[in-house]
Structure formats: structure tokens, C-alpha cells
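Structure file entry-v6.cif; described as mmCIF, C-alpha atoms.
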```
data_entry
loop_
_atom_site.group_PDB
_atom_site.id
_atom_site.type_symbol
_atom_site.label_atom_id
_atom_site.label_comp_id
_atom_site.auth_asym_id
_atom_site.auth_seq_id
_atom_site.Cartn_x
_atom_site.Cartn_y
_atom_site.Cartn_z
ATOM 1 C CA MET A 1 47.616 31.634 -16.036
ATOM 2 C CA ARG A 2 44.226 33.310 -16.234
ATOM 3 C CA LEU A 3 43.127 31.588 -13.015
ATOM 4 C CA LYS A 4 46.269 32.852 -11.278
ATOM 5 C CA LYS A 5 45.486 36.447 -12.337
ATOM 6 C CA MET A 6 41.932 36.094 -11.077
ATOM 7 C CA VAL A 7 43.173 34.832 -7.706
ATOM 8 C CA TRP A 8 45.609 37.743 -7.400
ATOM 9 C CA ALA A 9 42.879 40.213 -8.396
ATOM 10 C CA SER A 10 40.548 38.764 -5.737
ATOM 11 C CA LEU A 11 43.245 38.947 -3.063
ATOM 12 C CA LEU A 12 44.054 42.537 -4.003
ATOM 13 C CA SER A 13 40.406 43.602 -3.884
ATOM 14 C CA MET A 14 39.985 41.911 -0.485
ATOM 15 C CA PHE A 15 43.050 43.769 0.793
ATOM 16 C CA LEU A 16 41.710 47.119 -0.448
ATOM 17 C CA VAL A 17 38.269 46.487 1.031
ATOM 18 C CA ASN A 18 39.802 45.561 4.381
ATOM 19 C CA ALA A 19 42.002 48.678 4.270
ATOM 20 C CA VAL A 20 38.977 50.879 3.634
ATOM 21 C CA PHE A 21 36.867 49.280 6.361
ATOM 22 C CA SER A 22 39.681 49.386 8.929
ATOM 23 C CA ALA A 23 39.479 53.197 8.886
ATOM 24 C CA ASP A 24 36.805 54.805 11.073
ATOM 25 C CA LYS A 25 34.764 57.619 9.537
ATOM 26 C CA TYR A 26 34.674 60.973 11.324
ATOM 27 C CA ALA A 27 33.027 64.313 10.508
ATOM 28 C CA LEU A 28 34.182 67.731 11.701
ATOM 29 C CA ASP A 29 31.991 69.295 14.371
ATOM 30 C CA PRO A 30 31.772 72.926 13.152
ATOM 31 C CA VAL A 31 30.418 74.156 16.506
ATOM 32 C CA HIS A 32 33.602 73.047 18.271
ATOM 33 C CA SER A 33 36.091 73.591 15.438
ATOM 34 C CA SER A 34 37.771 76.659 14.013
ATOM 35 C CA ILE A 35 39.669 77.519 10.849
ATOM 36 C CA GLY A 36 41.447 80.789 11.534
ATOM 37 C CA PHE A 37 44.116 82.887 9.895
ATOM 38 C CA SER A 38 46.261 85.944 10.461
ATOM 39 C CA ILE A 39 47.996 88.315 8.055
ATOM 40 C CA ARG A 40 50.234 91.353 8.475
ATOM 41 C CA HIS A 41 48.577 94.759 8.137
ATOM 42 C CA LEU A 42 50.682 97.885 7.519
ATOM 43 C CA VAL A 43 53.759 95.800 8.456
ATOM 44 C CA ILE A 44 53.298 96.450 12.189
ATOM 45 C CA ASN A 45 50.339 94.264 13.162
ATOM 46 C CA SER A 46 48.671 90.912 12.533
ATOM 47 C CA VAL A 47 44.953 90.982 11.756
ATOM 48 C CA LYS A 48 43.062 87.795 12.567
ATOM 49 C CA GLY A 49 40.046 86.237 10.914
ATOM 50 C CA LYS A 50 38.239 82.952 10.440
ATOM 51 C CA PHE A 51 35.912 81.011 8.178
ATOM 52 C CA THR A 52 32.519 80.209 9.659
ATOM 53 C CA ASP A 53 31.103 77.753 7.093
ATOM 54 C CA PHE A 54 33.040 74.544 6.457
ATOM 55 C CA THR A 55 32.670 70.778 6.390
ATOM 56 C CA GLY A 56 35.195 67.996 6.655
ATOM 57 C CA THR A 57 35.471 64.228 6.770
ATOM 58 C CA LEU A 58 38.234 61.972 8.020
ATOM 59 C CA ALA A 59 38.972 58.315 7.473
ATOM 60 C CA TYR A 60 41.036 57.515 10.565
ATOM 61 C CA ASP A 61 43.052 54.303 10.838
ATOM 62 C CA GLU A 62 44.146 54.162 14.465
ATOM 63 C CA GLY A 63 46.394 51.172 13.829
ATOM 64 C CA ASP A 64 48.324 52.991 11.107
ATOM 65 C CA ILE A 65 47.595 56.698 10.888
ATOM 66 C CA THR A 66 49.510 56.926 7.598
ATOM 67 C CA LYS A 67 46.588 55.033 6.037
ATOM 68 C CA SER A 68 44.175 57.793 7.071
ATOM 69 C CA SER A 69 42.816 60.600 4.886
ATOM 70 C CA VAL A 70 41.076 63.956 5.212
ATOM 71 C CA SER A 71 38.873 66.123 3.017
ATOM 72 C CA VAL A 72 37.757 69.687 3.853
ATOM 73 C CA THR A 73 35.547 72.210 2.043
ATOM 74 C CA ILE A 74 35.354 75.871 3.103
ATOM 75 C CA LYS A 75 32.865 78.440 1.802
ATOM 76 C CA ALA A 76 34.894 81.472 0.731
ATOM 77 C CA ALA A 77 32.062 83.915 1.436
ATOM 78 C CA SER A 78 32.075 82.880 5.114
ATOM 79 C CA ILE A 79 35.330 84.767 5.755
ATOM 80 C CA ASP A 80 34.938 86.884 8.892
ATOM 81 C CA THR A 81 37.374 89.367 10.417
ATOM 82 C CA GLY A 82 34.750 91.166 12.470
ATOM 83 C CA THR A 83 34.742 94.187 10.136
ATOM 84 C CA PRO A 84 32.083 94.110 7.387
ATOM 85 C CA ASN A 85 33.893 96.474 4.989
ATOM 86 C CA ARG A 86 37.126 94.500 5.247
ATOM 87 C CA ASP A 87 35.258 91.214 4.807
ATOM 88 C CA LYS A 88 33.597 92.605 1.685
ATOM 89 C CA ASP A 89 37.045 93.463 0.287
ATOM 90 C CA LEU A 90 38.385 89.994 1.133
ATOM 91 C CA ARG A 91 35.438 88.421 -0.715
ATOM 92 C CA SER A 92 36.047 90.658 -3.740
ATOM 93 C CA ALA A 93 38.249 90.097 -6.794
ATOM 94 C CA ASN A 94 41.125 91.733 -4.867
ATOM 95 C CA PHE A 95 41.462 88.555 -2.823
ATOM 96 C CA LEU A 96 39.251 85.426 -2.659
ATOM 97 C CA ASP A 97 36.801 86.441 -5.415
ATOM 98 C CA ALA A 98 34.161 84.406 -3.604
ATOM 99 C CA GLU A 99 31.506 84.846 -6.278
ATOM 100 C CA LYS A 100 33.731 83.285 -8.950
ATOM 101 C CA PHE A 101 35.491 80.794 -6.653
ATOM 102 C CA PRO A 102 32.957 79.923 -3.931
ATOM 103 C CA GLU A 103 34.913 77.110 -2.256
ATOM 104 C CA LEU A 104 38.362 76.378 -0.867
ATOM 105 C CA THR A 105 39.127 72.660 -0.676
ATOM 106 C CA PHE A 106 41.807 70.383 0.702
ATOM 107 C CA GLN A 107 42.050 66.704 -0.206
ATOM 108 C CA SER A 108 44.876 64.644 1.258
ATOM 109 C CA GLN A 109 46.818 62.261 -0.950
ATOM 110 C CA ARG A 110 48.890 60.671 1.812
ATOM 111 C CA ILE A 111 49.725 60.992 5.509
ATOM 112 C CA GLU A 112 53.348 60.917 6.647
ATOM 113 C CA LYS A 113 54.852 60.531 10.123
ATOM 114 C CA LYS A 114 57.111 63.437 11.024
ATOM 115 C CA GLY A 115 58.751 63.766 14.438
ATOM 116 C CA ASP A 116 56.103 63.688 17.170
ATOM 117 C CA GLY A 117 53.342 64.553 14.703
ATOM 118 C CA TYR A 118 52.180 63.964 11.166
ATOM 119 C CA VAL A 119 51.919 65.730 7.826
ATOM 120 C CA ALA A 120 48.926 65.555 5.502
ATOM 121 C CA VAL A 121 50.218 65.963 1.959
ATOM 122 C CA GLY A 122 47.465 66.888 -0.448
ATOM 123 C CA THR A 123 45.921 69.336 -2.877
ATOM 124 C CA LEU A 124 44.761 72.744 -1.691
ATOM 125 C CA THR A 125 42.504 74.576 -4.135
ATOM 126 C CA MET A 126 41.889 78.255 -3.520
ATOM 127 C CA HIS A 127 40.958 81.114 -5.854
ATOM 128 C CA GLY A 128 40.850 78.623 -8.729
ATOM 129 C CA VAL A 129 44.454 77.477 -8.201
ATOM 130 C CA SER A 130 45.363 73.949 -7.062
ATOM 131 C CA LYS A 131 48.723 73.261 -5.442
ATOM 132 C CA GLU A 132 50.230 70.456 -3.397
ATOM 133 C CA VAL A 133 50.854 71.451 0.208
ATOM 134 C CA ALA A 134 52.187 69.680 3.288
ATOM 135 C CA LEU A 135 49.978 70.389 6.302
ATOM 136 C CA PRO A 136 51.592 69.519 9.659
ATOM 137 C CA PHE A 137 49.121 68.290 12.269
ATOM 138 C CA SER A 138 48.898 66.559 15.617
ATOM 139 C CA ILE A 139 46.183 64.495 17.228
ATOM 140 C CA THR A 140 45.424 66.046 20.599
ATOM 141 C CA GLY A 141 43.304 63.243 21.987
ATOM 142 C CA LYS A 142 40.468 60.801 21.541
ATOM 143 C CA ILE A 143 37.606 60.465 24.048
ATOM 144 C CA LYS A 144 34.107 59.183 24.676
ATOM 145 C CA ASP A 145 31.933 62.279 24.923
ATOM 146 C CA PRO A 146 29.038 62.729 27.432
ATOM 147 C CA TRP A 147 26.504 61.842 24.720
ATOM 148 C CA GLY A 148 27.906 58.393 23.990
ATOM 149 C CA GLY A 149 29.887 59.379 20.912
ATOM 150 C CA THR A 150 33.595 59.205 20.132
ATOM 151 C CA ARG A 151 35.530 62.389 19.414
ATOM 152 C CA MET A 152 39.078 63.210 18.471
ATOM 153 C CA GLY A 153 40.960 66.494 18.524
ATOM 154 C CA ILE A 154 43.251 67.703 15.759
ATOM 155 C CA GLU A 155 45.449 70.800 15.566
ATOM 156 C CA ALA A 156 47.176 71.955 12.401
ATOM 157 C CA GLY A 157 48.921 74.996 11.038
ATOM 158 C CA ILE A 158 50.554 76.177 7.847
ATOM 159 C CA THR A 159 51.825 79.427 6.295
ATOM 160 C CA LEU A 160 50.731 80.133 2.716
ATOM 161 C CA ASP A 161 51.865 82.789 0.243
ATOM 162 C CA ARG A 162 48.643 84.253 -1.168
ATOM 163 C CA ARG A 163 50.431 85.206 -4.416
ATOM 164 C CA GLU A 164 50.873 81.513 -5.235
ATOM 165 C CA TYR A 165 47.085 81.353 -5.476
ATOM 166 C CA GLY A 166 46.731 84.347 -7.780
ATOM 167 C CA MET A 167 45.915 86.920 -5.074
ATOM 168 C CA ASN A 168 48.358 89.617 -6.099
ATOM 169 C CA TYR A 169 46.912 92.737 -4.467
ATOM 170 C CA GLY A 170 50.065 94.697 -3.679
ATOM 171 C CA LYS A 171 49.367 98.231 -2.489
ATOM 172 C CA THR A 172 52.469 99.608 -0.756
ATOM 173 C CA LEU A 173 53.090 102.226 1.919
ATOM 174 C CA ASP A 174 54.892 105.464 1.070
ATOM 175 C CA GLY A 175 57.776 104.451 3.312
ATOM 176 C CA GLY A 176 57.910 100.921 1.896
ATOM 177 C CA GLY A 177 56.241 97.716 2.968
ATOM 178 C CA LEU A 178 52.895 96.225 2.052
ATOM 179 C CA VAL A 179 49.488 97.372 3.247
ATOM 180 C CA VAL A 180 48.507 93.671 3.338
ATOM 181 C CA GLY A 181 51.211 91.048 3.819
ATOM 182 C CA ASN A 182 51.791 88.144 1.456
ATOM 183 C CA ASP A 183 52.093 85.391 4.073
ATOM 184 C CA VAL A 184 48.892 84.019 5.562
ATOM 185 C CA LYS A 185 49.217 81.959 8.739
ATOM 186 C CA VAL A 186 46.449 79.358 8.977
ATOM 187 C CA GLU A 187 45.545 77.700 12.281
ATOM 188 C CA ILE A 188 43.084 74.836 12.617
ATOM 189 C CA ALA A 189 41.667 73.501 15.872
ATOM 190 C CA ALA A 190 39.140 70.769 15.207
ATOM 191 C CA GLU A 191 36.906 68.259 16.905
ATOM 192 C CA ALA A 192 35.786 65.350 14.770
ATOM 193 C CA VAL A 193 32.923 63.023 15.686
ATOM 194 C CA LYS A 194 32.956 59.345 14.786
ATOM 195 C CA ALA A 195 30.086 58.234 12.568
ATOM 196 C CA LYS A 196 27.672 55.863 14.308
#
```
Would you kindly transcribe this structure into C-alpha cells?
Amino acid sequence: MRLKKMVWASLLSMFLVNAVFSADKYALDPVHSSIGFSIRHLVINSVKGKFTDFTGTLAYDEGDITKSSVSVTIKAASIDTGTPNRDKDLRSANFLDAEKFPELTFQSQRIEKKGDGYVAVGTLTMHGVSKEVALPFSITGKIKDPWGGTRMGIEAGITLDRREYGMNYGKTLDGGGLVVGNDVKVEIAAEAVKAK
């Protein structure tokens, strides 16, 4: 009986090792990637911004993408809307509180096929709050680049309610409506480079 358990344990470990090694490792190329967002301002307009400091890794199983995974870390202080005073406010305790919560992270738990694309289900941590989110994404291509490397393109987007992450700033206009909207639209356009 003990021998049988040992055999099963060996087979299971071999399966897990093979599953890990069948996935190619990729790293986000920050020069050719963007993590942007937009949010309503004074009800009538969408203000856009981006994060300029982030890293990410992917384990990509081309044979079965549902066996892939992704991990991303964003520096909160790198938020950039092109207006220094507004960026300072977004880094403050009114919103991201970047000094207290310096990083935003996403770690996938599983990848699911959905329609023509996929969904990365995982944990998003922002402003000290961790919640499960479903991030729809599509793979826009895979090529050999001019420098002999392999690259793949990924596009993703999601709408988040900032209040679910403890960012409750809620100044209102005299006629009604919020100065800063609650919904944040996030758009990701990424190039990832295969590890050599």
C-alpha cells in the first residue's frame, strides 16, 4: 500500500513538473506596454491617465492557454495624468495613498476561455484591499522580433468601482453629480518578451 502511494506521488510530481515546464516564461516590456485608465470628471468628461512604473510576468502555455498565469505589480506613485497637482492628489490619502500602499498587484488564480477571448480570474490588491476580479483579455499576436526574440501582444480592459477599494472621496456638485466619478475604466495594451 505504501509503495502504491509512493508511485502515485511520483507520477503526480512528474505531471506537475511537466505542466510547469510546458509554459513559456514572458516578461512585460514596459517601453512598449501601457496601463491606462479613465474616470469621469464633473460628470461631463473623461480624464485619462496612466501608470509609468510596472513589471509583469507571464507563464504562457500555448497548447492550453487555460494553464497559463500572470502576475503584475504597479507602483502607485507612478500615476500620471499630465497635471502635477492632480497627480499629487491622486497619490494622497484621498485616493491611492501611495505612501501607505506603494503597490497595486494582480495575481491570476486561473484562466478561463470566454467567447473569442479569455478571462484571467485573480486577486487585485489596491489601496490595501484585495478582491477577486475577472479581467477579460485577448492575445493580439505572437511574432519573432527583429532582434531574434519572441514577443506576444495582449490587450485587456476592466471597469472597477474605486469605492470597493476604500477610495471614498465623494465631493459633489451643487447641481448634483460627483466631481470625480466612481467607475474607473482600465485599459492595458502590453507586449511581453519570451525569456531566453
Q) Which residues match the PyMOL selection byres ((chain A and resi 164) around 10) in the file above, as a list in words? A) Met126, His127, Val129, Ser130, Lys131, Leu160, Asp161, Arg162, Arg163, Tyr165, Gly166, Met167, Asn168 and Asn182 of chain A
Q: Skip range 141-150 of chain A itself and residues of its chain fewer than 5 positions away, then list as a list in words all residues within 8 Å of it, counting all atoms listed in the file.
A: Val193, Lys194 and Lys196 of chain A
Keeping only C-alpha atoms, write those residues as a PDB file, in the frame of the given file.
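Saved to out_29.pdb:
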```pdb
ATOM      1  CA  VAL A 193      32.923  63.023  15.686  1.00  0.00           C
ATOM      2  CA  LYS A 194      32.956  59.345  14.786  1.00  0.00           C
ATOM      3  CA  LYS A 196      27.672  55.863  14.308  1.00  0.00           C
TER       4      LYS A 196
END
```
Work out where the centre of an axis-aligned box around every listed atom of range 55-71 of chain A lies and how long its edges are once 6 Å is added on each side; give both in Å to one decimal as JSON.
```
{"center_x": 41.1, "center_y": 61.0, "center_z": 8.7, "size_x": 28.8, "size_y": 31.6, "size_z": 23.4}
```
Q | Minimum-distance residue to Thr105 in chain A, chosen among A:Asp29, A:Asp87, A:Asp80, A:Glu132 (using only C-alpha atoms) | A |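 Ranked by minimum distance to Thr105 in chain A, first place goes to A:Glu132.
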Q: In Å, rounded to a single decimal, give me how far CA of Ala192 in chain A is from CA of Thr81 in chain A.
A: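 According to the coordinates, CA of Thr81 in chain A and CA of Ala192 in chain A are separated by 24.5 Å.
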Q: Apply the PyMOL selection byres ((chain A and resi 91) around 12) to the file shown and report the selected residues as a ChimeraX atom specification.
A: /A:51,75-81,84-90,92-103,127,167
Just the selected residues (C-alpha atoms), exported as a PDB file, in the coordinates of the input, please.
```pdb
ATOM      1  CA  PHE A  51      35.912  81.011   8.178  1.00  0.00           C
ATOM      2  CA  LYS A  75      32.865  78.440   1.802  1.00  0.00           C
ATOM      3  CA  ALA A  76      34.894  81.472   0.731  1.00  0.00           C
ATOM      4  CA  ALA A  77      32.062  83.915   1.436  1.00  0.00           C
ATOM      5  CA  SER A  78      32.075  82.880   5.114  1.00  0.00           C
ATOM      6  CA  ILE A  79      35.330  84.767   5.755  1.00  0.00           C
ATOM      7  CA  ASP A  80      34.938  86.884   8.892  1.00  0.00           C
ATOM      8  CA  THR A  81      37.374  89.367  10.417  1.00  0.00           C
ATOM      9  CA  PRO A  84      32.083  94.110   7.387  1.00  0.00           C
ATOM     10  CA  ASN A  85      33.893  96.474   4.989  1.00  0.00           C
ATOM     11  CA  ARG A  86      37.126  94.500   5.247  1.00  0.00           C
ATOM     12  CA  ASP A  87      35.258  91.214   4.807  1.00  0.00           C
ATOM     13  CA  LYS A  88      33.597  92.605   1.685  1.00  0.00           C
ATOM     14  CA  ASP A  89      37.045  93.463   0.287  1.00  0.00           C
ATOM     15  CA  LEU A  90      38.385  89.994   1.133  1.00  0.00           C
ATOM     16  CA  SER A  92      36.047  90.658  -3.740  1.00  0.00           C
ATOM     17  CA  ALA A  93      38.249  90.097  -6.794  1.00  0.00           C
ATOM     18  CA  ASN A  94      41.125  91.733  -4.867  1.00  0.00           C
ATOM     19  CA  PHE A  95      41.462  88.555  -2.823  1.00  0.00           C
ATOM     20  CA  LEU A  96      39.251  85.426  -2.659  1.00  0.00           C
ATOM     21  CA  ASP A  97      36.801  86.441  -5.415  1.00  0.00           C
ATOM     22  CA  ALA A  98      34.161  84.406  -3.604  1.00  0.00           C
ATOM     23  CA  GLU A  99      31.506  84.846  -6.278  1.00  0.00           C
ATOM     24  CA  LYS A 100      33.731  83.285  -8.950  1.00  0.00           C
ATOM     25  CA  PHE A 101      35.491  80.794  -6.653  1.00  0.00           C
ATOM     26  CA  PRO A 102      32.957  79.923  -3.931  1.00  0.00           C
ATOM     27  CA  GLU A 103      34.913  77.110  -2.256  1.00  0.00           C
ATOM     28  CA  HIS A 127      40.958  81.114  -5.854  1.00  0.00           C
ATOM     29  CA  MET A 167      45.915  86.920  -5.074  1.00  0.00           C
TER      30      MET A 167
END
```
Q: Apply the PyMOL selection byres ((chain A and resi 108) around 8) to the structure shown and report the selected residues as a count of residues only.
A: 12
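Put simply, CA of Ser22 in chain A is 24.5 Å away from CA of Ala134 in chain A.
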Q: To one decimal in Å, tell me the separation between CA of Lys67 in chain A and CA of Val31 in chain A.
A: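 Separation of CA of Lys67 in chain A and CA of Val31 in chain A: 27.1 Å.
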Q: Find, counting only C-alpha atoms, the residue in A:Leu135, A:Ala23, A:Val47, A:Ile39 that gets nearest to Asp64 in chain A.
A: A:Ala23
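For the residues A:His32, A:Gly128, A:Thr83, A:Gly153, ranking by smallest atom-to-atom distance to Gly49 in chain A using all atoms listed in the file places A:Thr83 first.
The closest residue to Ile154 in chain A, picked from A:Lys48, A:Tyr26, A:Leu104, A:Gly82 and counting only C-alpha atoms, is A:Tyr26.
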Q. Between A:Thr159, A:Thr73, A:Thr125, A:Ser34, which has the minimum distance to Phe54 in chain A (counting all atoms listed in the file)?
A.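 Closest to Phe54 in chain A, using all atoms listed in the file: A:Thr73.
Considering only C-alpha atoms, the residue among A:Asp183, A:Asp53, A:Glu62, A:Glu112 positioned nearest to Ile74 in chain A is A:Asp53.
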